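Shown here: upload_36.txt, compact mmCIF, C-alpha atoms and all ligand atoms.
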# COMPACT_ATOMS: atom_id res chain seq x y z
CA MET A 1 118.86 116.44 98.56
CA ALA A 2 119.38 114.03 95.73
CA SER A 3 116.54 113.27 93.40
CA VAL A 4 115.96 111.25 90.27
CA ALA A 5 115.63 113.39 87.18
CA ARG A 6 113.51 112.74 84.12
CA ASP A 7 116.32 113.64 81.78
CA LEU A 8 118.20 110.55 82.97
CA GLN A 9 115.86 108.15 81.17
CA GLY A 10 117.95 105.62 79.29
CA LYS A 11 121.20 107.25 80.34
CA LYS A 12 123.92 104.88 81.46
CA CYS A 13 126.99 105.19 83.65
CA LEU A 14 130.08 105.51 81.46
CA GLU A 15 132.06 103.45 83.91
CA CYS A 16 129.87 100.52 84.83
CA GLY A 17 126.87 100.72 82.49
CA SER A 18 124.41 101.07 85.33
CA GLU A 19 121.21 103.03 84.76
CA HIS A 20 120.87 103.86 88.44
CA LEU A 21 121.92 107.47 88.15
CA PHE A 22 120.77 110.33 90.26
CA ARG A 23 121.25 114.03 90.10
CA ASP A 24 122.17 116.00 93.15
CA TYR A 25 120.83 119.44 92.25
CA GLU A 26 122.26 121.11 95.26
CA ARG A 27 125.78 120.12 94.37
CA GLY A 28 125.23 120.06 90.65
CA GLU A 29 126.38 116.49 90.29
CA LEU A 30 125.27 113.47 88.34
CA ILE A 31 126.23 110.37 90.26
CA CYS A 32 126.08 106.64 89.57
CA ASN A 33 124.36 104.87 92.41
CA ASP A 34 126.11 101.58 91.70
CA CYS A 35 129.78 102.46 91.36
CA GLY A 36 129.72 105.90 92.94
CA ILE A 37 131.37 107.68 90.06
CA VAL A 38 130.46 111.33 89.63
CA LEU A 39 129.68 111.58 85.93
CA GLU A 40 129.13 115.30 85.73
CA ASP A 41 129.96 117.96 88.20
CA SER A 42 130.02 121.68 88.32
CA LEU A 43 132.26 121.84 91.34
CA ILE A 44 135.87 121.04 91.91
CA ASP A 45 137.08 120.04 95.32
CA GLN A 46 139.23 122.45 97.18
CA GLY A 47 142.29 120.44 98.00
CA PRO A 48 145.76 121.82 98.53
CA GLU A 49 147.13 123.61 95.51
CA TRP A 50 149.87 121.86 93.73
CA ARG A 51 152.70 123.40 91.82
CA SER A 52 152.73 122.62 88.19
CA PHE A 53 155.59 120.73 86.76
CA ASP A 54 157.80 122.05 84.06
CA SER A 55 158.92 119.95 81.19
CA GLU A 56 162.52 120.05 82.36
CA GLN A 57 161.77 117.18 84.66
CA ASP A 58 161.18 115.08 81.64
CA GLU A 59 164.05 116.55 79.75
CA ARG A 60 166.27 115.63 82.63
CA ARG A 61 164.99 112.09 82.62
CA ALA A 62 165.50 111.84 78.91
CA ARG A 63 169.14 112.90 79.28
CA THR A 64 169.95 110.71 82.20
CA GLY A 65 168.12 107.69 80.89
CA SER A 66 164.81 106.22 81.90
CA PRO A 67 164.12 106.07 85.59
CA MET A 68 164.42 102.61 87.08
CA THR A 69 160.88 102.85 88.30
CA PHE A 70 158.05 105.32 87.95
CA LEU A 71 157.32 104.85 91.62
CA SER A 72 160.58 106.50 92.58
CA HIS A 73 160.70 110.21 91.96
CA ASP A 74 164.42 110.69 91.29
CA LYS A 75 166.17 107.37 91.04
CA GLY A 76 169.83 107.94 90.23
CA LEU A 77 169.49 111.67 89.72
CA ALA A 78 171.18 112.95 92.85
CA THR A 79 174.22 114.53 91.18
CA GLU A 80 175.39 117.98 92.10
CA ILE A 81 177.20 120.33 89.77
CA SER A 82 179.62 122.79 91.34
CA TRP A 83 179.50 126.51 90.53
CA SER A 84 183.24 127.13 90.53
CA ASN A 85 185.34 127.27 87.41
CA LYS A 86 187.05 124.08 88.46
CA ASP A 87 186.19 120.70 87.14
CA TYR A 88 185.47 117.61 89.16
CA TYR A 89 189.20 117.06 89.83
CA GLY A 90 189.84 120.67 90.88
CA LYS A 91 191.53 121.66 87.61
CA ARG A 92 190.56 124.98 86.09
CA ILE A 93 188.11 124.61 83.24
CA PRO A 94 189.51 125.97 79.94
CA HIS A 95 187.75 129.14 78.92
CA LYS A 96 186.47 127.75 75.65
CA ASN A 97 184.45 125.16 77.55
CA ARG A 98 182.99 127.61 80.02
CA ALA A 99 180.02 128.60 77.91
CA GLN A 100 179.00 125.02 77.68
CA ILE A 101 179.56 124.45 81.39
CA TYR A 102 177.57 127.59 82.10
CA ARG A 103 174.65 126.21 80.13
CA VAL A 104 174.81 122.98 82.06
CA ARG A 105 174.83 124.89 85.35
CA LYS A 106 171.96 127.09 84.30
CA TRP A 107 170.04 124.00 83.43
CA HIS A 108 170.90 122.43 86.77
CA GLN A 109 169.75 125.50 88.62
CA ARG A 110 166.38 125.31 86.97
CA ILE A 111 166.12 121.76 88.18
CA ARG A 112 166.78 122.87 91.74
CA VAL A 113 163.93 125.34 91.48
CA SER A 114 161.56 122.48 90.86
CA ASN A 115 162.66 120.72 94.04
CA ALA A 116 159.40 121.58 95.79
CA ALA A 117 157.41 119.93 93.04
CA GLU A 118 159.84 117.05 93.19
CA ARG A 119 159.22 116.63 96.90
CA ASN A 120 155.48 116.65 96.31
CA LEU A 121 155.85 114.03 93.62
CA SER A 122 157.93 111.93 95.95
CA LEU A 123 155.25 112.16 98.65
CA ALA A 124 152.47 111.39 96.20
CA LEU A 125 154.27 108.32 94.88
CA GLN A 126 154.92 107.16 98.43
CA MET A 127 151.21 107.55 99.15
CA LEU A 128 150.42 105.64 95.96
CA ASN A 129 152.76 102.85 96.94
CA ASP A 130 151.33 102.61 100.48
CA ASN A 131 147.70 102.61 99.42
CA GLY A 132 148.45 100.16 96.63
CA GLY A 133 150.15 97.94 99.21
CA LYS A 134 147.15 98.04 101.54
CA LEU A 135 144.95 97.00 98.63
CA GLY A 136 147.29 94.18 97.63
CA ILE A 137 147.82 95.75 94.20
CA PRO A 138 150.79 94.13 92.41
CA LYS A 139 153.87 96.19 91.61
CA ASP A 140 153.31 96.41 87.85
CA ILE A 141 149.85 97.87 88.38
CA LYS A 142 151.27 100.35 90.89
CA GLU A 143 153.82 101.31 88.23
CA THR A 144 150.99 101.92 85.78
CA ALA A 145 149.23 104.03 88.41
CA ALA A 146 152.43 106.03 88.94
CA LEU A 147 152.60 106.66 85.22
CA VAL A 148 149.00 107.87 85.18
CA TYR A 149 149.80 110.12 88.13
CA ARG A 150 152.86 111.58 86.39
CA ARG A 151 150.81 112.31 83.30
CA ALA A 152 148.21 114.05 85.46
CA VAL A 153 150.97 116.20 86.97
CA GLU A 154 152.42 117.01 83.57
CA LYS A 155 149.02 118.11 82.29
CA ASN A 156 148.46 120.16 85.42
CA LEU A 157 145.37 118.19 86.37
CA ILE A 158 146.14 118.34 90.08
CA ARG A 159 145.36 122.03 90.32
CA GLY A 160 142.30 122.66 92.48
CA ARG A 161 142.11 119.07 93.64
CA SER A 162 143.67 117.20 96.49
CA ILE A 163 146.81 115.19 95.81
CA GLU A 164 145.28 112.27 97.69
CA SER A 165 142.25 112.15 95.43
CA ILE A 166 144.43 112.11 92.30
CA VAL A 167 146.67 109.41 93.79
CA CYS A 168 143.61 107.25 94.50
CA ALA A 169 142.12 108.00 91.09
CA SER A 170 145.38 106.90 89.46
CA LEU A 171 145.25 103.61 91.32
CA TYR A 172 141.61 103.14 90.38
CA ALA A 173 142.40 103.89 86.72
CA ALA A 174 145.40 101.54 86.63
CA CYS A 175 143.33 98.65 88.00
CA ARG A 176 140.70 99.36 85.39
CA MET A 177 143.31 99.49 82.64
CA VAL A 178 144.50 95.96 83.38
CA ASN A 179 140.92 94.80 83.89
CA LEU A 180 141.37 94.01 87.57
CA PRO A 181 139.08 96.76 88.80
CA ARG A 182 138.88 97.67 92.46
CA THR A 183 135.73 99.32 93.68
CA LEU A 184 135.79 102.94 94.77
CA ASP A 185 134.71 101.65 98.18
CA GLU A 186 137.84 99.55 98.55
CA ILE A 187 140.15 102.34 97.51
CA SER A 188 138.31 104.79 99.71
CA LYS A 189 138.60 102.52 102.74
CA ALA A 190 142.30 101.82 102.23
CA SER A 191 143.22 105.45 101.64
CA GLU A 192 140.65 107.12 103.90
CA VAL A 193 139.91 109.48 101.03
CA ASN A 194 136.27 110.32 100.36
CA LYS A 195 134.81 107.98 97.75
CA LYS A 196 133.09 110.75 95.85
CA LYS A 197 136.28 112.76 95.63
CA ILE A 198 138.09 109.77 94.16
CA GLY A 199 135.27 109.21 91.68
CA LYS A 200 135.35 112.83 90.59
CA ALA A 201 139.11 112.88 90.29
CA TYR A 202 139.00 109.69 88.25
CA ARG A 203 136.46 111.10 85.78
CA HIS A 204 138.64 114.16 85.45
CA LEU A 205 141.72 112.05 84.66
CA ALA A 206 139.82 109.73 82.35
CA LYS A 207 138.57 112.69 80.35
CA GLU A 208 141.72 114.79 80.28
CA LEU A 209 144.12 111.91 79.70
CA SER A 210 141.74 110.22 77.26
CA LEU A 211 141.92 106.96 79.16
CA ASN A 212 138.89 105.63 77.26
CA LEU A 213 138.28 102.71 79.53
CA LYS A 214 135.46 100.40 78.64
CA PRO A 215 132.77 99.91 81.26
CA THR A 216 133.66 97.14 83.66
CA THR A 217 131.83 93.83 83.51
CA PRO A 218 130.70 91.58 86.37
CA TYR A 219 133.41 89.07 85.32
CA SER A 220 136.16 91.45 86.39
CA TYR A 221 135.00 91.26 89.99
CA VAL A 222 134.11 87.59 90.43
CA ALA A 223 137.55 86.18 91.25
CA GLN A 224 138.56 88.92 93.67
CA PHE A 225 135.25 88.89 95.54
CA CYS A 226 135.37 85.06 95.75
CA ASN A 227 138.92 85.21 97.09
CA LYS A 228 137.87 87.61 99.80
CA LEU A 229 134.99 85.31 100.72
CA ASP A 230 137.39 82.39 100.85
CA LEU A 231 135.53 80.64 98.04
CA ASP A 232 137.47 78.28 95.79
CA LYS A 233 137.88 77.81 92.04
CA GLN A 234 134.66 75.82 91.74
CA ALA A 235 132.64 78.71 93.15
CA ILE A 236 134.40 81.10 90.78
CA VAL A 237 133.58 78.96 87.75
CA ILE A 238 129.93 78.64 88.74
CA SER A 239 129.66 82.36 89.56
CA GLU A 240 131.04 83.18 86.12
CA GLU A 241 128.59 80.80 84.56
CA ILE A 242 125.72 82.55 86.34
CA VAL A 243 127.11 85.92 85.21
CA ARG A 244 127.30 84.70 81.62
CA LYS A 245 123.70 83.47 81.66
CA SER A 246 122.50 86.70 83.26
CA ILE A 247 124.19 88.73 80.55
CA GLU A 248 122.79 86.48 77.80
CA SER A 249 119.28 86.74 79.22
CA GLY A 250 119.56 90.52 79.18
CA ILE A 251 118.62 91.01 82.84
CA SER A 252 122.00 92.44 83.80
CA SER A 253 121.74 95.21 81.24
CA GLY A 254 121.75 98.62 82.89
CA LYS A 255 122.69 97.11 86.25
CA GLY A 256 125.90 97.82 88.12
CA PRO A 257 128.45 95.05 87.45
CA THR A 258 129.45 94.71 91.11
CA GLY A 259 125.84 93.98 92.03
CA VAL A 260 125.49 91.32 89.32
CA ALA A 261 128.80 89.75 90.37
CA ALA A 262 127.83 89.82 94.06
CA ALA A 263 124.43 88.19 93.49
CA SER A 264 125.96 85.54 91.22
CA ILE A 265 128.54 84.71 93.87
CA TYR A 266 125.86 84.57 96.54
CA ILE A 267 123.95 82.01 94.44
CA ALA A 268 127.08 80.05 93.54
CA SER A 269 128.18 79.83 97.18
CA VAL A 270 124.91 78.13 98.04
CA LEU A 271 125.10 75.85 94.99
CA VAL A 272 128.60 74.61 95.89
CA GLY A 273 127.58 73.99 99.49
CA LYS A 274 129.64 76.81 100.97
CA PRO A 275 126.92 79.35 101.53
CA ARG A 276 127.87 82.91 102.26
CA THR A 277 125.30 85.34 103.63
CA GLN A 278 124.13 88.33 101.63
CA LYS A 279 125.64 90.44 104.36
CA GLU A 280 129.07 88.84 103.88
CA VAL A 281 128.89 89.25 100.12
CA ALA A 282 127.76 92.84 100.56
CA ARG A 283 130.74 93.61 102.77
CA VAL A 284 133.38 92.42 100.28
CA SER A 285 131.67 93.82 97.19
CA GLY A 286 130.70 97.23 98.49
CA VAL A 287 127.17 96.59 97.22
CA THR A 288 124.18 97.01 99.54
CA GLU A 289 122.28 93.96 100.74
CA VAL A 290 119.16 95.40 99.12
CA THR A 291 120.90 95.46 95.72
CA ILE A 292 122.16 91.90 96.16
CA ARG A 293 118.66 90.77 97.08
CA ASN A 294 117.18 92.52 94.03
CA ARG A 295 119.78 91.11 91.62
CA TYR A 296 119.45 87.70 93.24
CA LYS A 297 115.68 87.69 92.70
CA GLU A 298 116.00 88.75 89.06
CA ILE A 299 118.75 86.26 88.30
CA SER A 300 117.18 83.28 90.04
CA LYS A 301 113.91 84.00 88.28
CA ALA A 302 115.49 84.41 84.83
CA LEU A 303 117.74 81.36 85.21
CA ASP A 304 115.06 79.33 86.91
CA ILE A 305 117.13 78.68 90.00
CA PRO A 306 114.99 77.44 92.91
CA GLY A 307 114.70 79.69 95.96
CA LEU A 308 117.79 79.66 98.13
CA GLU A 309 116.68 81.80 101.02
ZN ZN B 401 128.52 103.32 87.51

Take the structure from the file and write it as structure tokens.
Amino acid sequence: MASVARDLQGKKCLECGSEHLFRDYERGELICNDCGIVLEDSLIDQGPEWRSFDSEQDERRARTGSPMTFLSHDKGLATEISWSNKDYYGKRIPHKNRAQIYRVRKWHQRIRVSNAAERNLSLALQMLNDNGGKLGIPKDIKETAALVYRRAVEKNLIRGRSIESIVCASLYAACRMVNLPRTLDEISKASEVNKKKIGKAYRHLAKELSLNLKPTTPYSYVAQFCNKLDLDKQAIVISEEIVRKSIESGISSGKGPTGVAAASIYIASVLVGKPRTQKEVARVSGVTEVTIRNRYKEISKALDIPGLE
């Protein structure tokens, strides 16, 4: 059972600034009710174990030049080195060069040992690409996500967690980094990975990789939610105006940004004569209708907007 704790007074979500936090004592977690991020947890999820990566992978990349894309696990690295004392053309290799050749072969053998990890990376990046595609995430953001994922692998952050949750967390982080945040709900739906697991994995990455992402603001969500609701530029501009006034009036402080964005869009849609229902707005924003209604009431009161319902 989750319950609200007294020690949460004045505490805000590090990700979205919401004050709607609750502590799940049974699971030992502190969770944000608005964005779903697990802020503190005493548990780690028991996903498949993942082999750690050795630094040779990087060394190899450094020697063979930068990969074409971070989304591809081994672009242009499929060379094989023979173990005989013959060179590429079948000529015997002079003895004085053999030590050097031996070192190269030794090095190549070590690379082969990491093939299992390489395969896992390849699968993870494929998963990242697919989920990113389903979410309509542009290629450069997927590249950023792949980079975050690689760093997580290098720092051995996958251990004890599922690969899927780290893949999703990397996508979530990348979208945040370019200030085009996707909600955990969206990523969870596209990937069919549990929202809480993604949230936990994300916090883990953010902390260990020092991602230091600023809390999101309602602005970051307005355009994408409007697009999904088939609302045009005019609705976006008015929604942003309502967001701005809500922030200035102080009523959005401590509230989840998706809820503020959703309520502002709901109001704007009515104002521009293309009303969308609270249910429709709730569906695209991942915010409950109750939250939209609450934010709507606060905003319309503070901004003196006549009743729309
Ligand atoms: Zn939050």

Give as a list in words every residue, naming chains and numbers as the document does, that has an atom within 7 Å of (146.1, 101.2, 99.6), counting all atoms listed in the file.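 I get Asp130, Asn131, Gly132, Gly133, Lys134, Leu135, Ile187, Ala190 and Ser191 of chain A for the residues within 7 Å of that point.
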
Restricted to C-alpha atoms, what would the selected residues look like written as a PDB file, in the frame of the given file?
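Once everything was written out, this is selection20.pdb:
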ATOM      1  CA  ASP A 130     151.330 102.610 100.480  1.00  0.00           C
ATOM      2  CA  ASN A 131     147.700 102.610  99.420  1.00  0.00           C
ATOM      3  CA  GLY A 132     148.450 100.160  96.630  1.00  0.00           C
ATOM      4  CA  GLY A 133     150.150  97.940  99.210  1.00  0.00           C
ATOM      5  CA  LYS A 134     147.150  98.040 101.540  1.00  0.00           C
ATOM      6  CA  LEU A 135     144.950  97.000  98.630  1.00  0.00           C
ATOM      7  CA  ILE A 187     140.150 102.340  97.510  1.00  0.00           C
ATOM      8  CA  ALA A 190     142.300 101.820 102.230  1.00  0.00           C
ATOM      9  CA  SER A 191     143.220 105.450 101.640  1.00  0.00           C
TER      10      SER A 191
END

Taking only residues of chain A that have an atom at most 10 Å from an atom of ligand ZN 401 (chain B), what is each one's shortest atom pair and its distance in Å to one decimal, using all atoms listed in the file, in chain and number order, as JSON lines?
{"residue": "A:Lys12", "atom": "CA", "partner": "B:ZN401", "partner_atom": "ZN", "distance": 7.8}
{"residue": "A:Cys13", "atom": "CA", "partner": "B:ZN401", "partner_atom": "ZN", "distance": 4.6}
{"residue": "A:Leu14", "atom": "CA", "partner": "B:ZN401", "partner_atom": "ZN", "distance": 6.6}
{"residue": "A:Glu15", "atom": "CA", "partner": "B:ZN401", "partner_atom": "ZN", "distance": 5.1}
{"residue": "A:Cys16", "atom": "CA", "partner": "B:ZN401", "partner_atom": "ZN", "distance": 4.1}
{"residue": "A:Gly17", "atom": "CA", "partner": "B:ZN401", "partner_atom": "ZN", "distance": 5.9}
{"residue": "A:Ser18", "atom": "CA", "partner": "B:ZN401", "partner_atom": "ZN", "distance": 5.2}
{"residue": "A:Glu19", "atom": "CA", "partner": "B:ZN401", "partner_atom": "ZN", "distance": 7.8}
{"residue": "A:His20", "atom": "CA", "partner": "B:ZN401", "partner_atom": "ZN", "distance": 7.7}
{"residue": "A:Leu21", "atom": "CA", "partner": "B:ZN401", "partner_atom": "ZN", "distance": 7.8}
{"residue": "A:Ile31", "atom": "CA", "partner": "B:ZN401", "partner_atom": "ZN", "distance": 7.9}
{"residue": "A:Cys32", "atom": "CA", "partner": "B:ZN401", "partner_atom": "ZN", "distance": 4.6}
{"residue": "A:Asn33", "atom": "CA", "partner": "B:ZN401", "partner_atom": "ZN", "distance": 6.6}
{"residue": "A:Asp34", "atom": "CA", "partner": "B:ZN401", "partner_atom": "ZN", "distance": 5.1}
{"residue": "A:Cys35", "atom": "CA", "partner": "B:ZN401", "partner_atom": "ZN", "distance": 4.1}
{"residue": "A:Gly36", "atom": "CA", "partner": "B:ZN401", "partner_atom": "ZN", "distance": 6.1}
{"residue": "A:Ile37", "atom": "CA", "partner": "B:ZN401", "partner_atom": "ZN", "distance": 5.8}
{"residue": "A:Val38", "atom": "CA", "partner": "B:ZN401", "partner_atom": "ZN", "distance": 8.5}
{"residue": "A:Leu39", "atom": "CA", "partner": "B:ZN401", "partner_atom": "ZN", "distance": 8.5}
{"residue": "A:Gly199", "atom": "CA", "partner": "B:ZN401", "partner_atom": "ZN", "distance": 9.9}
{"residue": "A:Pro215", "atom": "CA", "partner": "B:ZN401", "partner_atom": "ZN", "distance": 8.3}
{"residue": "A:Thr216", "atom": "CA", "partner": "B:ZN401", "partner_atom": "ZN", "distance": 8.9}
{"residue": "A:Gly254", "atom": "CA", "partner": "B:ZN401", "partner_atom": "ZN", "distance": 9.4}
{"residue": "A:Lys255", "atom": "CA", "partner": "B:ZN401", "partner_atom": "ZN", "distance": 8.6}
{"residue": "A:Gly256", "atom": "CA", "partner": "B:ZN401", "partner_atom": "ZN", "distance": 6.1}
{"residue": "A:Pro257", "atom": "CA", "partner": "B:ZN401", "partner_atom": "ZN", "distance": 8.3}
{"residue": "A:Thr258", "atom": "CA", "partner": "B:ZN401", "partner_atom": "ZN", "distance": 9.4}

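As for CA of Ser210 in chain A and CA of Val167 in chain A, they are spaced 17.3 Å apart.
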
Would you mind telling me which residue in A:Gly286, A:Ser162, A:Ile242, A:Glu186 lies nearest to Leu271 in chain A when using only C-alpha atoms?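 Checking each candidate against Leu271 in chain A, we get A:Ile242 as the closest.
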
If you take only C-alpha atoms and a cut-off of 10 Å, which residues of range 200-269 of chain A touch range 143-156 of chain A, and what are their nearest atom pairs and distances in Å to one decimal, in chain and number order, as a tab-separated table?
residue	atom	partner	partner_atom	distance
A:His204	CA	A:Ala152	CA	9.6
A:Leu205	CA	A:Ala152	CA	6.8
A:Ala206	CA	A:Val148	CA	9.8
A:Glu208	CA	A:Lys155	CA	8.3
A:Leu209	CA	A:Ala152	CA	7.4
A:Leu211	CA	A:Val148	CA	9.3

Some atoms are absent from range 214-229 of chain A, so rebuild N, CA and C atoms and return them as a compact mmCIF listing (two decimals), in the coordinates of the input.
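Contents of result-v9.txt, freshly written:
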# COMPACT_ATOMS: atom_id res chain seq x y z
N LYS A 214 136.79 100.99 78.86
CA LYS A 214 135.46 100.40 78.64
C LYS A 214 134.78 100.17 79.99
N PRO A 215 133.45 100.21 79.99
CA PRO A 215 132.77 99.91 81.26
C PRO A 215 133.21 98.54 81.78
N THR A 216 133.26 98.43 83.09
CA THR A 216 133.66 97.14 83.66
C THR A 216 132.53 96.14 83.50
N THR A 217 132.85 94.87 83.59
CA THR A 217 131.83 93.83 83.51
C THR A 217 131.83 93.07 84.83
N PRO A 218 130.73 92.34 85.11
CA PRO A 218 130.70 91.58 86.37
C PRO A 218 131.87 90.59 86.47
N TYR A 219 132.32 90.05 85.32
CA TYR A 219 133.41 89.07 85.32
C TYR A 219 134.65 89.60 86.04
N SER A 220 134.93 90.89 85.83
CA SER A 220 136.16 91.45 86.39
C SER A 220 136.20 91.39 87.91
N TYR A 221 135.03 91.22 88.53
CA TYR A 221 135.00 91.26 89.99
C TYR A 221 134.86 89.88 90.63
N VAL A 222 134.45 88.89 89.84
CA VAL A 222 134.11 87.59 90.43
C VAL A 222 135.27 86.98 91.22
N ALA A 223 136.43 86.86 90.58
CA ALA A 223 137.55 86.18 91.25
C ALA A 223 137.98 86.89 92.54
N GLN A 224 138.10 88.22 92.46
CA GLN A 224 138.56 88.92 93.67
C GLN A 224 137.54 88.87 94.81
N PHE A 225 136.25 88.97 94.47
CA PHE A 225 135.25 88.89 95.54
C PHE A 225 135.24 87.47 96.14
N CYS A 226 135.35 86.46 95.26
CA CYS A 226 135.37 85.06 95.75
C CYS A 226 136.57 84.84 96.66
N ASN A 227 137.72 85.37 96.25
CA ASN A 227 138.92 85.21 97.09
C ASN A 227 138.70 85.79 98.48
N LYS A 228 138.09 86.96 98.50
CA LYS A 228 137.87 87.61 99.80
C LYS A 228 136.87 86.84 100.65
N LEU A 229 135.99 86.09 99.99
CA LEU A 229 134.99 85.31 100.72
C LEU A 229 135.50 83.90 101.00
